[in-house]
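These notes are about the structure you will find just below.
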Amino acid sequence: MTKSISISTGSDPGQGARVRTEFPSVSGSFSGARTGLFSARAYGAILTVAAVLALLPALNLILPEAHALYVPDYTVSLLGKFLCFALAALALDLVWGYAGILSLGHGLFFALGGYAHGMYLMRASTPTPQALPEFMVFLSWKEIPWYWSFTEYAPYAWLLALVAPGLLAFVFGYFAFRSRITGVYFSIITQALTFAAMLLFFRNETGFGGNNGFTGFKTILGFDITSAQTRAGLYWVSLMALLGCLLLARAITQSKLGRVLTAIRDAESRMRFLGYEPLGFKLFVWTVSAMMCGLAGALYVTQVGIINPSEMSPENSIEMVVWVATGGRGTLVGPIIGAGTVNALKTWFTSAFPEYWLYALGLLFVLVTVLLPQGIVGLARKLLQRKQERLA
């Protein structure tokens with residue numbers, strides 16, 4: 001869908017020569033999302049699925065293990081992890097699907113959020129807040145580094161989990177976008193950034209546990225982190241965070257800001273010609289996306305119980321791209337579905353055929369690219385349109 005814009009180049013607007021330019025598809029998938037995925041019926045379906053997901057931990061807590069509807073502890077933890085992955089996929093879709101910024105380094109923001117919250121969990125697991133964490137004692141550290149200050153307070157750690165990835169994204173994005181680095185060059189730089197960070201965090205002298213990272217968490221806010229009640233609480237917090245970020249992303253993409261972002265995605269040079277400066281718009285959505293990813297990492301480390309530099313490996317960032325592509329780029333809901341689908345496949349493959357998972361992942365990406373360029377959501381749209389055409 002295009003929108004025509006006429007620009008007068010003569011002294012008399014009525015008689016001067018006129019340049020007629022086709023404004024890029026400002027709507028594109030955007031308008032389709034507004035009428036389809038963001039319709040009242042779609043929201044009803046999302047709320048229904050969310051209600052079912054919210055019920056699962058309750059079945060774990062209330063019912064005895066012998067009951068047919070009992071949900072095992074393992075399933076609650078696994079689904080809680082999937083919710084964190086879905087939030088990371090949503091964050092990536094916000095910049096890739098709507099602003100055309102393909103990041104191959106979102107694993108870095110995810111891990112930074114995890115490390116920020118992990119610092120609090122490590123200190124909460126020591127006898128006193130002033131005591132050194134176990135890995136520092138093992139590495140012969142004498143005192144807590146300055147950048148660990150105040151991490152014994154949970155609200156500060158939560159804020160840090162958002163600010164640290166957001167600040168890094170802002171600084172990196174400012175210089176990258178100001179230099180007009182786009183396309184594959186931007187993607188390669190983001191992957192190089194996360195790889196460099198992974199090598200840095202592997203070093204013991206950085207104060208982040210080196211190769212082993214953070215593990216051995218015992219409590220959070222005074223509650224036993226391994227108890228079923230705490231697991232259920234973390235699951236519900238993850239679900240609410242995902243729904244809240246979905247609403248935030250929806251508000252951004254459905255606003256005038258979202259229209260400008262999609263226009264920048266489709267024809268950035270034309271937007272400059274029309275008087276828009278893309279730097280601020282791209283920097284805003286890039287920073288918001290990084291903070292969402294940091295939140296996902298903070299929730300992930302609490303439920304999985306470990307964070308180490310391998311979370312920054314380039315493979316993890318590429319997997320996020322596969323989640324978004326599988327679900328449907330530029331749809332917000334699609335990446336959530338894609339993250340759940342791909343990780344469910346991964347769980348099954350790594351238990352049944354662990355050595356073939358990477359081959360299966362590569363094959364899945366090729367099949368989606370060739371057969372489903374708009375992902376699962378795109379396929380669902382086509383099927384729905386055909387059904388409506390038959391009924392008409």
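Every chain in the structure tokens takes a letter, A first, then B, and so on in the order presented; its residues are numbered from 1, and the ligands are numbered from 1 following the presented order.
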
Exercise. Quick one: everything within 6 Å of Gly166 in chain A, counting only C-alpha atoms, minus sequence neighbours fewer than 3 positions away in the same chain. Send it as a list in words.
Key: Val163, Ala169, Thr287, Ala290 and Met291 of chain A

Please produce an output containing N, CA, C and O atoms for each residue in the selection, written as a short mmCIF file (atom, residue, chain, number, x, y, z; two decimals), in the first residue's frame.
data_model
loop_
_atom_site.label_atom_id
_atom_site.label_comp_id
_atom_site.auth_asym_id
_atom_site.auth_seq_id
_atom_site.Cartn_x
_atom_site.Cartn_y
_atom_site.Cartn_z
N VAL A 163 18.80 -0.69 32.96
CA VAL A 163 19.65 0.44 32.59
C VAL A 163 20.93 -0.02 31.89
O VAL A 163 21.36 0.58 30.90
N ALA A 169 23.18 -0.04 24.68
CA ALA A 169 22.52 0.08 23.38
C ALA A 169 22.47 1.53 22.92
O ALA A 169 22.65 1.82 21.73
N THR A 287 16.98 1.28 21.88
CA THR A 287 17.21 1.28 23.32
C THR A 287 16.08 0.58 24.06
O THR A 287 16.32 -0.21 24.99
N ALA A 290 16.51 -3.13 23.69
CA ALA A 290 17.58 -3.67 24.54
C ALA A 290 17.12 -3.79 25.99
O ALA A 290 17.45 -4.77 26.67
N MET A 291 16.34 -2.83 26.48
CA MET A 291 15.86 -2.89 27.86
C MET A 291 14.87 -4.04 28.04
O MET A 291 14.87 -4.72 29.07
#

Quiz item: Distance CA of Ile337 in chain A-CA of Arg386 in chain A, one decimal place?
Solution: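 Separating CA of Ile337 in chain A from CA of Arg386 in chain A is a distance of 21.9 Å.
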
Quiz item: Which is closer to Phe175 in chain A than all the others in A:Thr215, A:Ile189, A:Asn308, A:Met240, using only C-alpha atoms?
Solution: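 The closest residue to Phe175 in chain A is A:Ile189.
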
If we count only C-alpha atoms, what is near Thr194 in chain A at a cut-off of 10 Å, once residues fewer than 2 positions away on the same chain are taken out, given as a compact mmCIF listing (two decimals) with all heavy atoms, in the first residue's frame?
# COMPACT_ATOMS: atom_id res chain seq x y z
N LEU A 104 22.23 -9.05 15.34
CA LEU A 104 22.74 -10.39 15.65
C LEU A 104 23.48 -10.37 16.97
O LEU A 104 24.35 -11.20 17.22
CB LEU A 104 23.66 -10.87 14.52
CG LEU A 104 23.00 -11.09 13.16
CD1 LEU A 104 24.03 -11.56 12.13
CD2 LEU A 104 21.87 -12.09 13.25
N GLY A 105 23.11 -9.41 17.83
CA GLY A 105 23.78 -9.29 19.12
C GLY A 105 22.84 -9.07 20.28
O GLY A 105 23.26 -8.61 21.35
N HIS A 106 21.56 -9.41 20.10
CA HIS A 106 20.63 -9.19 21.21
C HIS A 106 20.90 -10.13 22.38
O HIS A 106 20.41 -9.90 23.48
CB HIS A 106 19.19 -9.35 20.72
CG HIS A 106 18.51 -8.02 20.50
ND1 HIS A 106 19.12 -6.97 19.85
CD2 HIS A 106 17.28 -7.56 20.86
CE1 HIS A 106 18.31 -5.94 19.82
NE2 HIS A 106 17.19 -6.26 20.43
N GLY A 107 21.65 -11.20 22.13
CA GLY A 107 22.04 -12.08 23.24
C GLY A 107 22.87 -11.34 24.28
O GLY A 107 22.85 -11.71 25.47
N LEU A 108 23.59 -10.31 23.85
CA LEU A 108 24.38 -9.51 24.79
C LEU A 108 23.48 -8.77 25.77
O LEU A 108 23.72 -8.79 26.99
CB LEU A 108 25.26 -8.53 24.02
CG LEU A 108 26.01 -7.49 24.85
CD1 LEU A 108 26.94 -8.16 25.86
CD2 LEU A 108 26.80 -6.55 23.94
N PHE A 109 22.44 -8.13 25.28
CA PHE A 109 21.52 -7.40 26.16
C PHE A 109 20.79 -8.37 27.10
O PHE A 109 20.56 -8.07 28.28
CB PHE A 109 20.51 -6.61 25.33
CG PHE A 109 21.15 -5.69 24.33
CD1 PHE A 109 20.72 -5.66 23.02
CD2 PHE A 109 22.19 -4.86 24.70
CE1 PHE A 109 21.31 -4.83 22.09
CE2 PHE A 109 22.80 -4.01 23.78
CZ PHE A 109 22.36 -4.00 22.47
N ALA A 111 21.98 -11.22 28.20
CA ALA A 111 22.92 -11.67 29.22
C ALA A 111 23.23 -10.56 30.23
O ALA A 111 23.40 -10.84 31.43
CB ALA A 111 24.21 -12.16 28.55
N ILE A 189 28.50 -5.99 12.92
CA ILE A 189 29.08 -5.25 14.05
C ILE A 189 28.42 -5.67 15.37
O ILE A 189 29.09 -5.83 16.40
CB ILE A 189 28.93 -3.74 13.83
CG1 ILE A 189 29.85 -3.30 12.69
CG2 ILE A 189 29.27 -2.96 15.09
CD1 ILE A 189 29.71 -1.84 12.34
N THR A 190 27.10 -5.87 15.35
CA THR A 190 26.42 -6.29 16.59
C THR A 190 26.90 -7.69 17.02
O THR A 190 27.04 -7.95 18.22
CB THR A 190 24.90 -6.31 16.40
OG1 THR A 190 24.58 -7.13 15.26
CG2 THR A 190 24.36 -4.92 16.19
N GLN A 191 27.16 -8.55 16.03
CA GLN A 191 27.65 -9.88 16.40
C GLN A 191 29.08 -9.80 16.95
O GLN A 191 29.43 -10.51 17.89
CB GLN A 191 27.60 -10.82 15.21
CG GLN A 191 27.90 -12.26 15.58
CD GLN A 191 27.34 -13.24 14.58
OE1 GLN A 191 27.90 -13.39 13.51
NE2 GLN A 191 26.26 -13.91 14.93
N ALA A 192 29.88 -8.93 16.35
CA ALA A 192 31.24 -8.75 16.86
C ALA A 192 31.22 -8.20 18.28
O ALA A 192 32.05 -8.58 19.12
CB ALA A 192 32.01 -7.82 15.93
N ALA A 196 32.88 -10.08 21.46
CA ALA A 196 33.92 -9.43 22.27
C ALA A 196 33.53 -9.41 23.75
O ALA A 196 34.36 -9.66 24.63
CB ALA A 196 34.16 -8.02 21.77
N ALA A 197 32.24 -9.14 24.01
CA ALA A 197 31.76 -9.13 25.40
C ALA A 197 31.87 -10.52 26.02
O ALA A 197 32.22 -10.67 27.20
CB ALA A 197 30.32 -8.63 25.45
N MET A 198 31.58 -11.55 25.22
CA MET A 198 31.68 -12.92 25.73
C MET A 198 33.12 -13.24 26.14
O MET A 198 33.36 -13.81 27.22
CB MET A 198 31.21 -13.91 24.66
CG MET A 198 31.22 -15.36 25.11
SD MET A 198 30.76 -16.52 23.81
CE MET A 198 32.17 -16.37 22.72
N LEU A 199 34.07 -12.85 25.31
CA LEU A 199 35.48 -13.09 25.64
C LEU A 199 35.88 -12.33 26.90
O LEU A 199 36.65 -12.83 27.73
CB LEU A 199 36.37 -12.68 24.46
CG LEU A 199 36.19 -13.48 23.17
CD1 LEU A 199 37.13 -12.95 22.09
CD2 LEU A 199 36.43 -14.96 23.41
N LEU A 200 35.34 -11.11 27.05
CA LEU A 200 35.65 -10.31 28.23
C LEU A 200 35.12 -10.96 29.50
O LEU A 200 35.81 -11.04 30.53
CB LEU A 200 35.07 -8.91 28.07
CG LEU A 200 35.23 -7.95 29.25
CD1 LEU A 200 36.72 -7.63 29.45
CD2 LEU A 200 34.44 -6.66 29.04
N PRO A 309 29.02 -16.72 30.53
CA PRO A 309 29.29 -16.01 29.26
C PRO A 309 28.75 -16.71 28.02
O PRO A 309 28.62 -16.06 26.97
CB PRO A 309 30.83 -15.95 29.23
CG PRO A 309 31.25 -16.04 30.65
CD PRO A 309 30.25 -16.95 31.31
N GLU A 311 25.88 -17.38 27.33
CA GLU A 311 24.63 -16.74 26.93
C GLU A 311 24.89 -15.61 25.92
O GLU A 311 23.97 -15.17 25.25
CB GLU A 311 23.90 -16.16 28.15
CG GLU A 311 23.40 -17.21 29.13
CD GLU A 311 22.34 -18.11 28.54
OE1 GLU A 311 21.69 -17.70 27.55
OE2 GLU A 311 22.17 -19.24 29.06
N MET A 312 26.16 -15.15 25.84
CA MET A 312 26.50 -14.10 24.87
C MET A 312 27.04 -14.66 23.57
O MET A 312 27.45 -13.89 22.70
CB MET A 312 27.57 -13.17 25.48
CG MET A 312 27.15 -12.48 26.75
SD MET A 312 28.48 -11.44 27.37
CE MET A 312 27.83 -10.99 28.98
N SER A 313 27.04 -15.98 23.43
CA SER A 313 27.60 -16.56 22.22
C SER A 313 26.78 -16.14 21.01
O SER A 313 25.55 -15.98 21.09
CB SER A 313 27.62 -18.08 22.34
OG SER A 313 26.31 -18.59 22.39
N PRO A 314 27.42 -15.95 19.86
CA PRO A 314 26.69 -15.54 18.65
C PRO A 314 25.56 -16.49 18.29
O PRO A 314 24.55 -16.06 17.73
CB PRO A 314 27.79 -15.52 17.59
CG PRO A 314 29.05 -15.26 18.35
CD PRO A 314 28.87 -15.98 19.65
N SER A 317 22.21 -15.40 19.75
CA SER A 317 21.60 -14.26 19.07
C SER A 317 21.00 -14.69 17.74
O SER A 317 19.92 -14.20 17.34
CB SER A 317 22.65 -13.17 18.84
OG SER A 317 23.14 -12.68 20.08

Exercise. Write down as a ChimeraX atom specification the residues of range 143-330 of chain A whose backbone DSSP state falls under strand (DSSP E).
Key: /A:214-215,219-220,223-224,306-307

Quiz item: For Tyr153 in chain A, which residue out of A:Gly340, A:Gly114, A:Gly222, A:Gly207 is the nearest one, using only C-alpha atoms?
Solution: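 The closest residue to Tyr153 in chain A is A:Gly222.
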
Practice problem: Give me every alpha helix (DSSP H) residue in range 51-257 of chain A, going by DSSP on the backbone, as number ranges by chain. | Solution: A: 51-62, 73-99, 106-124, 134-138, 154-178, 183-201, 228-254, 256-257

Quiz prompt | Nearby residues (only C-alpha atoms) at most 8 Å from range 139-148 of chain A, same-chain spacing under 4 positions excluded, as a ChimeraX atom specification | solution = /A:119,132,135,204,207

Taking N, CA and C atoms for each residue, export the selection above as a tab-separated table (two decimals), in the first residue's frame.
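This is the output file result_35.tsv:
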chain	number	residue	atom	x	y	z
A	119	MET	N	23.83	-10.61	40.10
A	119	MET	CA	24.65	-10.01	41.16
A	119	MET	C	23.86	-9.91	42.46
A	132	LEU	N	31.66	-11.79	50.79
A	132	LEU	CA	32.03	-12.04	49.40
A	132	LEU	C	31.28	-13.25	48.86
A	135	PHE	N	32.36	-17.44	44.56
A	135	PHE	CA	33.36	-17.49	43.50
A	135	PHE	C	34.48	-16.48	43.75
A	204	ASN	N	38.51	-14.15	34.47
A	204	ASN	CA	38.22	-14.17	35.91
A	204	ASN	C	38.36	-12.80	36.55
A	207	GLY	N	35.44	-9.99	37.48
A	207	GLY	CA	34.57	-9.99	38.66
A	207	GLY	C	33.18	-10.52	38.41

Quiz item: Using only C-alpha atoms, which of A:Thr75, A:Thr369, A:Ser238, A:Asn60 sits nearest Ala325 in chain A?
Solution: A:Thr369

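You will find CA of Leu299 in chain A at 9.8 Å from CA of Trp158 in chain A.
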
Quiz prompt | 10 Å contact set for Leu221 in chain A, only C-alpha atoms, chain neighbours under 4 positions out, as a PyMOL selection string | solution = chain A and resi 120-121+124+153-154+225

Hey, can you spit out that residue selection with N, CA, C and O atoms as a tab-separated table (two decimals), in the first residue's frame?
chain	number	residue	atom	x	y	z
A	120	TYR	N	22.59	-9.53	42.35
A	120	TYR	CA	21.75	-9.49	43.55
A	120	TYR	C	21.54	-10.88	44.12
A	120	TYR	O	21.63	-11.10	45.35
A	121	LEU	N	21.26	-11.85	43.24
A	121	LEU	CA	20.99	-13.21	43.71
A	121	LEU	C	22.22	-13.81	44.39
A	121	LEU	O	22.10	-14.57	45.36
A	124	ALA	N	22.43	-12.20	47.77
A	124	ALA	CA	21.34	-12.68	48.63
A	124	ALA	C	21.62	-14.09	49.14
A	124	ALA	O	21.00	-14.53	50.12
A	153	TYR	N	20.68	-4.71	47.12
A	153	TYR	CA	19.29	-4.24	47.17
A	153	TYR	C	18.58	-4.67	45.87
A	153	TYR	O	19.03	-4.32	44.76
A	154	ALA	N	17.49	-5.40	46.02
A	154	ALA	CA	16.79	-5.95	44.85
A	154	ALA	C	16.29	-4.86	43.90
A	154	ALA	O	16.47	-4.99	42.68
A	225	ILE	N	14.38	-19.96	46.63
A	225	ILE	CA	14.23	-19.81	45.18
A	225	ILE	C	13.86	-21.12	44.50
A	225	ILE	O	13.39	-21.14	43.35

Which neighbours of Glu277 in chain A fall inside 12 Å, counting only C-alpha atoms, when residues of the same chain fewer than 4 positions from it are skipped, and could you give them as a PDB file with N, CA, C and O atoms, in the first residue's frame?
ATOM      1  N   PHE A 177      24.224   4.548  14.304  1.00  0.00           N
ATOM      2  CA  PHE A 177      23.190   5.173  13.475  1.00  0.00           C
ATOM      3  C   PHE A 177      23.652   6.527  12.942  1.00  0.00           C
ATOM      4  O   PHE A 177      23.285   6.922  11.837  1.00  0.00           O
ATOM      5  N   ARG A 178      24.442   7.244  13.768  1.00  0.00           N
ATOM      6  CA  ARG A 178      24.944   8.535  13.286  1.00  0.00           C
ATOM      7  C   ARG A 178      25.893   8.345  12.105  1.00  0.00           C
ATOM      8  O   ARG A 178      25.950   9.186  11.200  1.00  0.00           O
ATOM      9  N   ARG A 180      25.460   6.102   9.989  1.00  0.00           N
ATOM     10  CA  ARG A 180      24.593   5.543   8.950  1.00  0.00           C
ATOM     11  C   ARG A 180      25.038   4.135   8.564  1.00  0.00           C
ATOM     12  O   ARG A 180      25.063   3.773   7.378  1.00  0.00           O
ATOM     13  N   VAL A 260       6.405   6.181  11.402  1.00  0.00           N
ATOM     14  CA  VAL A 260       7.696   6.721  10.955  1.00  0.00           C
ATOM     15  C   VAL A 260       8.746   5.614  10.910  1.00  0.00           C
ATOM     16  O   VAL A 260       9.557   5.539   9.985  1.00  0.00           O
ATOM     17  N   LEU A 261       8.724   4.724  11.913  1.00  0.00           N
ATOM     18  CA  LEU A 261       9.707   3.640  11.940  1.00  0.00           C
ATOM     19  C   LEU A 261       9.567   2.730  10.723  1.00  0.00           C
ATOM     20  O   LEU A 261      10.570   2.349  10.103  1.00  0.00           O
ATOM     21  N   ALA A 263       8.317   3.532   7.893  1.00  0.00           N
ATOM     22  CA  ALA A 263       8.739   4.301   6.725  1.00  0.00           C
ATOM     23  C   ALA A 263      10.268   4.335   6.625  1.00  0.00           C
ATOM     24  O   ALA A 263      10.832   4.209   5.538  1.00  0.00           O
ATOM     25  N   ILE A 264      10.925   4.483   7.765  1.00  0.00           N
ATOM     26  CA  ILE A 264      12.399   4.447   7.778  1.00  0.00           C
ATOM     27  C   ILE A 264      12.889   3.076   7.346  1.00  0.00           C
ATOM     28  O   ILE A 264      13.868   2.944   6.609  1.00  0.00           O
ATOM     29  N   GLU A 268      14.747   4.766   4.008  1.00  0.00           N
ATOM     30  CA  GLU A 268      15.327   5.734   4.940  1.00  0.00           C
ATOM     31  C   GLU A 268      15.768   7.010   4.235  1.00  0.00           C
ATOM     32  O   GLU A 268      15.596   8.110   4.762  1.00  0.00           O
ATOM     33  N   SER A 269      16.310   6.881   3.032  1.00  0.00           N
ATOM     34  CA  SER A 269      16.782   8.066   2.330  1.00  0.00           C
ATOM     35  C   SER A 269      15.625   8.993   1.962  1.00  0.00           C
ATOM     36  O   SER A 269      15.753  10.224   2.004  1.00  0.00           O
ATOM     37  N   ARG A 270      14.480   8.429   1.635  1.00  0.00           N
ATOM     38  CA  ARG A 270      13.313   9.262   1.309  1.00  0.00           C
ATOM     39  C   ARG A 270      12.821  10.002   2.546  1.00  0.00           C
ATOM     40  O   ARG A 270      12.352  11.136   2.448  1.00  0.00           O
ATOM     41  N   MET A 271      12.916   9.348   3.697  1.00  0.00           N
ATOM     42  CA  MET A 271      12.488  10.016   4.924  1.00  0.00           C
ATOM     43  C   MET A 271      13.380  11.219   5.216  1.00  0.00           C
ATOM     44  O   MET A 271      12.898  12.263   5.671  1.00  0.00           O
ATOM     45  N   ARG A 272      14.669  11.082   4.939  1.00  0.00           N
ATOM     46  CA  ARG A 272      15.561  12.242   5.114  1.00  0.00           C
ATOM     47  C   ARG A 272      15.174  13.344   4.140  1.00  0.00           C
ATOM     48  O   ARG A 272      15.192  14.522   4.480  1.00  0.00           O
ATOM     49  N   PHE A 273      14.845  12.957   2.921  1.00  0.00           N
ATOM     50  CA  PHE A 273      14.443  13.936   1.906  1.00  0.00           C
ATOM     51  C   PHE A 273      13.187  14.680   2.336  1.00  0.00           C
ATOM     52  O   PHE A 273      13.023  15.879   2.074  1.00  0.00           O
ATOM     53  N   PHE A 281      14.654   8.388  16.049  1.00  0.00           N
ATOM     54  CA  PHE A 281      13.633   7.340  16.023  1.00  0.00           C
ATOM     55  C   PHE A 281      14.268   5.958  16.188  1.00  0.00           C
ATOM     56  O   PHE A 281      13.787   5.119  16.962  1.00  0.00           O
ATOM     57  N   LYS A 282      15.335   5.704  15.443  1.00  0.00           N
ATOM     58  CA  LYS A 282      15.991   4.408  15.518  1.00  0.00           C
ATOM     59  C   LYS A 282      16.640   4.196  16.888  1.00  0.00           C
ATOM     60  O   LYS A 282      16.603   3.090  17.443  1.00  0.00           O
ATOM     61  N   LEU A 283      17.227   5.260  17.407  1.00  0.00           N
ATOM     62  CA  LEU A 283      17.892   5.148  18.702  1.00  0.00           C
ATOM     63  C   LEU A 283      16.895   4.838  19.809  1.00  0.00           C
ATOM     64  O   LEU A 283      17.173   4.037  20.716  1.00  0.00           O
TER      65      LEU A 283
END

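Nearest-residue note for Asn316 in chain A: choosing from A:Leu358, A:Leu162, A:Val49, A:Val76, the minimum distance belongs to A:Leu358, counting only C-alpha atoms.
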
Quiz prompt | Test item: residues at most 10 Å from Ser125 in chain A, only C-alpha atoms, excluding those fewer than 6 positions along its chain, as a ChimeraX atom specification | solution = /A:131,133-134,215-220,222

Practice problem: Kindly indicate which residue among A:Ala339, A:Ala380, A:Ala176, A:Trp323 lies nearest to Val368 in chain A, using only C-alpha atoms for the distances. | Solution: A:Trp323
